[in-house]
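Notes follow the structure.
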Amino acid sequence: MSNIKLASRVTSIRVSPSTAAAQKVRDLQAEGRKILNLTVGEPDFDTPEPIKAAAIRAMEAGETKYTPVNGTVELRKAIQHDFKTRLNIDCELNEICVGGGAKQVLFVALMATVEEGDEVIVPTPYWVSYPDMVIANGGTPVILPCGEDVGFKLTPAALEAAITPRTKWVILNSPSNPTGAAYTEAELRALGEVLVKHPHVLVMCDEIYDRIWYADFAPCSILGVVPALKSQALVVNGVSKSYAMTGWRIGYAAGPLDLINVINKLQSQMSSCPSSISQAAAAFALTADQSDVVKTVEVYRQRRDRAHQLINAIDGLSCTLHDGAFYLYPSCAGLIGKKKPDGKVLETDLDVSLYLLEEAGVASVHGGAYGLEPYFRISTATSMKIIEEACAAIAEACSKLQ
Ligand code: PMP
C-alpha cells in the first residue's frame with residue numbers, strides 16, 4: 001500500500017458492480033469452473049463488417065488526426081438527422097457534442113453542472129453508474145424507488161414530490177438497464193408537463209438502448225414529445241449497443257447550447273476529442289442501411305421471449321416482459337426465506353445470486369446493485385443455447401430449495 005491520500009470524492013464511489021460480477025466470472029473460469037455468464041452488458045455480436053470497412057477507409061484517407069472538440073461535422077450531421085427523423089428532436093449542429101462513449105458524456109454533463117450538495121433524482125432500479133457519477137461530482141443522488149407496480153417507471157406524482165429547490169437533474173433511462181422498461185409518449189408527456197413547471201430542473205435522457213426495441217409503439221424521447229423542454233433536456237445516445245460498437249467508444253448528446261459548450265470546454269481539457277476513426281465509423285453506422293440492426297434486434301427479441309417464458313416457469317421467480325434493451329429483471333421474492341441444501345437461508349437477492357453461481361454455475365447481478373430488491377438481472381446478450389442451459393440450471397437449483 002502506498003501512502004497516497006486520495007480525494008474524498010473518489011473514496012466514496014464503488015467499482016461498477018456489473019464489472020465486479022464479470023470479474024468474478026473470469027476468476028471462476030480461470031479456476032476451471034464452467035460458468036454460464038448472464039452478466040454481460042454488451043452485444044455478443046461483432047461490429048458489422050461494413051462499419052469496420054468505413055473505419056479502414058477513414059484511416060486510409062488520413063482521418064487519423066485530432067478532430068474538432070465537439071466531433072466531426074459529418075458525425076454531428078448524422079446525429080442531427082437521426083434525432084430529427086426518429087425522435088422529432090430539432091437541434092443545430094452546435095447543440096450536439098460527441099464524446100468517448102455515452103458514459104463519458106453523462107459524466108462530463110454532471111461535472112459541468114453539479115455543485116456540492118445539488119440533488120440528482122435517480123429513478124430506481126437504476127443503471128449502476130448513475131449514483132456514483134453523481135457522488136463523484138459532489139452531488140447527492142436522490143434514490144426514488146419505482147417498483148414493478150408502476151412498471152419500474154417514474155410517475156409524474158413521484159417526480160413532482162421529489163423535486164426540491166436543490167434538484168439539478170432527473171435521470172430518465174429508456175429503455176432501462178436493468179429492467180428494459182421503456183416510456184410511452186403519453187408517459188413522457190406527463191413527466192414533461194411536470195418538468196416545464198420547474199425550469200431549474202434538467203432532465204438527462206439516457207437512450208443508449210433505444211434501437212434495441214420490442215414494443216408495439218415507436219421509440220420516443222421526452223424532448224421530441226415536449227419540445228418546450230428544449231432548455232432543460234440533454235438527450236444522450238451512442239453507437240455502443242445498437243451497432244455492437246462498445247469498444248469504439250463513441251457517445252453523443254444534444255442539448256441547450258450553453259450546456260453543450262461547457263461540456264465541450266471540459267472535453268477540450270480532458271481528451272481533446274474522441275477517436276477520429278471511431279467517429280467516421282459511427283457516422284457511417286448511423287447513415288447506412290440499418291438492416292444489420294433490424295436482424296440483431298430480431299435475435300434479441302427471440303431470446304427475450306424464450307428467457308421470459310423459461311424464467312416464469314420456475315417456481316419462486318417471476319418476470320415482466322420488457323420493451324427494450326437486452327436484460328431481464330426477474331423478481332426472486334418467492335425464493336427469499338427458503339433453505340439451501342446446506343441448511344442456510346436465502347435472505348437477500350445477493351444470497352440468491354451467489355447461490356445460482358455456486359449451485360447452478362449461472363452468473364447474474366443481484367438487484368441490490370441496481371437499488372431495488374429482491375431481483376436479479378440477467379443479460380440475454382448471449383446465445384440461445386447458453387440462455388436455455390442457464391435457465392435449466394437455475395430451475396434445477398431452485399428445485400433443491402426448501
Ligand atoms: N447508459 C446505460 C444505461 C448503459 O447500460 C451503458 C452501458 N452499460 C451506458 C450508458 C454507456 O454506454 P457507452 O458504451 O456509450 O459508454
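Identifiers for the C-alpha cells are assigned positionally: chains receive A, B, ... in sequence, residues are indexed from 1 per chain, and ligands are indexed from 1 in the order shown.
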*asked:* Hey, which residues sit close to ligand 1? Say within 9 Å, counting only C-alpha atoms and all ligand atoms, and write them as number ranges by chain.
replied: A: 18, 41-42, 99-106, 126-130, 173-178, 206-209, 236-241, 245-252, 325
*segment 72-149 of chain A: which residues are strand (DSSP E or B) by DSSP, as a count of residues only?*
16
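Remark: for Asn88 of chain A, the closest of the candidate residues A:Asp44, A:Glu160, A:Glu148, A:Glu185 is A:Glu185 (distances computed over only C-alpha atoms).
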*What residues in segment 169-257 of chain A get the DSSP label alpha helix (DSSP H)? Please answer as a ChimeraX atom specification.*
/A:185-196,222-225,257
Atoms to include: N, CA and C atoms. Write the selected residues as an mmCIF file, in the first residue's frame.
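Writing done, so here's selection28.cif:
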data_model
loop_
_atom_site.group_PDB
_atom_site.id
_atom_site.type_symbol
_atom_site.label_atom_id
_atom_site.label_comp_id
_atom_site.auth_asym_id
_atom_site.auth_seq_id
_atom_site.Cartn_x
_atom_site.Cartn_y
_atom_site.Cartn_z
ATOM 1 N N GLU A 185 -45.151 7.594 -25.188
ATOM 2 C CA GLU A 185 -45.263 9.022 -25.466
ATOM 3 C C GLU A 185 -46.136 9.706 -24.397
ATOM 4 N N ALA A 186 -47.232 9.064 -24.039
ATOM 5 C CA ALA A 186 -48.141 9.671 -23.048
ATOM 6 C C ALA A 186 -47.437 9.823 -21.701
ATOM 7 N N GLU A 187 -46.662 8.807 -21.322
ATOM 8 C CA GLU A 187 -45.933 8.887 -20.043
ATOM 9 C C GLU A 187 -44.909 10.013 -20.069
ATOM 10 N N LEU A 188 -44.220 10.143 -21.201
ATOM 11 C CA LEU A 188 -43.215 11.209 -21.306
ATOM 12 C C LEU A 188 -43.883 12.582 -21.293
ATOM 13 N N ARG A 189 -45.046 12.670 -21.954
ATOM 14 C CA ARG A 189 -45.733 13.965 -21.975
ATOM 15 C C ARG A 189 -46.099 14.379 -20.549
ATOM 16 N N ALA A 190 -46.588 13.421 -19.773
ATOM 17 C CA ALA A 190 -47.000 13.726 -18.396
ATOM 18 C C ALA A 190 -45.796 14.132 -17.534
ATOM 19 N N LEU A 191 -44.659 13.467 -17.734
ATOM 20 C CA LEU A 191 -43.454 13.853 -16.978
ATOM 21 C C LEU A 191 -42.977 15.227 -17.445
ATOM 22 N N GLY A 192 -43.072 15.453 -18.752
ATOM 23 C CA GLY A 192 -42.652 16.739 -19.317
ATOM 24 C C GLY A 192 -43.485 17.889 -18.757
ATOM 25 N N GLU A 193 -44.777 17.631 -18.565
ATOM 26 C CA GLU A 193 -45.643 18.692 -18.017
ATOM 27 C C GLU A 193 -45.189 19.088 -16.608
ATOM 28 N N VAL A 194 -44.707 18.119 -15.846
ATOM 29 C CA VAL A 194 -44.178 18.450 -14.511
ATOM 30 C C VAL A 194 -42.897 19.265 -14.656
ATOM 31 N N LEU A 195 -42.022 18.820 -15.544
ATOM 32 C CA LEU A 195 -40.700 19.459 -15.656
ATOM 33 C C LEU A 195 -40.787 20.904 -16.153
ATOM 34 N N VAL A 196 -41.708 21.189 -17.073
ATOM 35 C CA VAL A 196 -41.777 22.583 -17.557
ATOM 36 C C VAL A 196 -42.195 23.539 -16.446
ATOM 37 N N ILE A 222 -38.311 12.399 -24.547
ATOM 38 C CA ILE A 222 -39.125 13.443 -23.913
ATOM 39 C C ILE A 222 -38.990 14.781 -24.656
ATOM 40 N N LEU A 223 -37.823 15.038 -25.234
ATOM 41 C CA LEU A 223 -37.643 16.317 -25.930
ATOM 42 C C LEU A 223 -38.423 16.356 -27.245
ATOM 43 N N GLY A 224 -38.540 15.201 -27.889
ATOM 44 C CA GLY A 224 -39.339 15.134 -29.116
ATOM 45 C C GLY A 224 -40.826 15.270 -28.814
ATOM 46 N N VAL A 225 -41.218 14.790 -27.631
ATOM 47 C CA VAL A 225 -42.634 14.806 -27.248
ATOM 48 C C VAL A 225 -43.018 16.172 -26.668
ATOM 49 N N LEU A 257 -27.491 25.011 -25.853
ATOM 50 C CA LEU A 257 -26.174 25.438 -26.346
ATOM 51 C C LEU A 257 -25.186 25.734 -25.213
#
_Residue contacts of Met384 of chain A (12 Å, only C-alpha atoms) excluding same-chain residues fewer than 5 positions away, as number ranges by chain_ = A: 36, 38, 44, 299-307, 310, 379, 389-391
Now that the selection is made, can you save its residues with C-alpha atoms as a short mmCIF file (atom, residue, chain, number, x, y, z; two decimals), in the first residue's frame?
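Result saved to selection_28.cif:
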data_model
loop_
_atom_site.label_atom_id
_atom_site.label_comp_id
_atom_site.auth_asym_id
_atom_site.auth_seq_id
_atom_site.Cartn_x
_atom_site.Cartn_y
_atom_site.Cartn_z
CA LEU A 36 -22.90 -19.70 -17.82
CA LEU A 38 -25.50 -13.84 -17.85
CA ASP A 44 -22.40 -10.63 -28.22
CA VAL A 299 -32.46 -12.24 -32.47
CA TYR A 300 -32.62 -10.33 -29.15
CA ARG A 301 -36.41 -10.49 -29.29
CA GLN A 302 -36.43 -14.28 -29.69
CA ARG A 303 -34.01 -14.62 -26.76
CA ARG A 304 -36.09 -12.27 -24.63
CA ASP A 305 -39.27 -14.23 -25.33
CA ARG A 306 -37.62 -17.57 -24.57
CA ALA A 307 -35.87 -16.39 -21.40
CA LEU A 310 -38.40 -20.19 -19.08
CA SER A 379 -28.45 -10.41 -19.78
CA GLU A 389 -28.85 -24.14 -20.41
CA ALA A 390 -28.72 -21.40 -17.77
CA CYS A 391 -32.49 -21.37 -17.24
#
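Between Ala109 of chain A and the candidates A:Leu75, A:Cys205, A:Val25, A:Ile387, the tightest atom-to-atom separation, counting only C-alpha atoms, involves A:Cys205.
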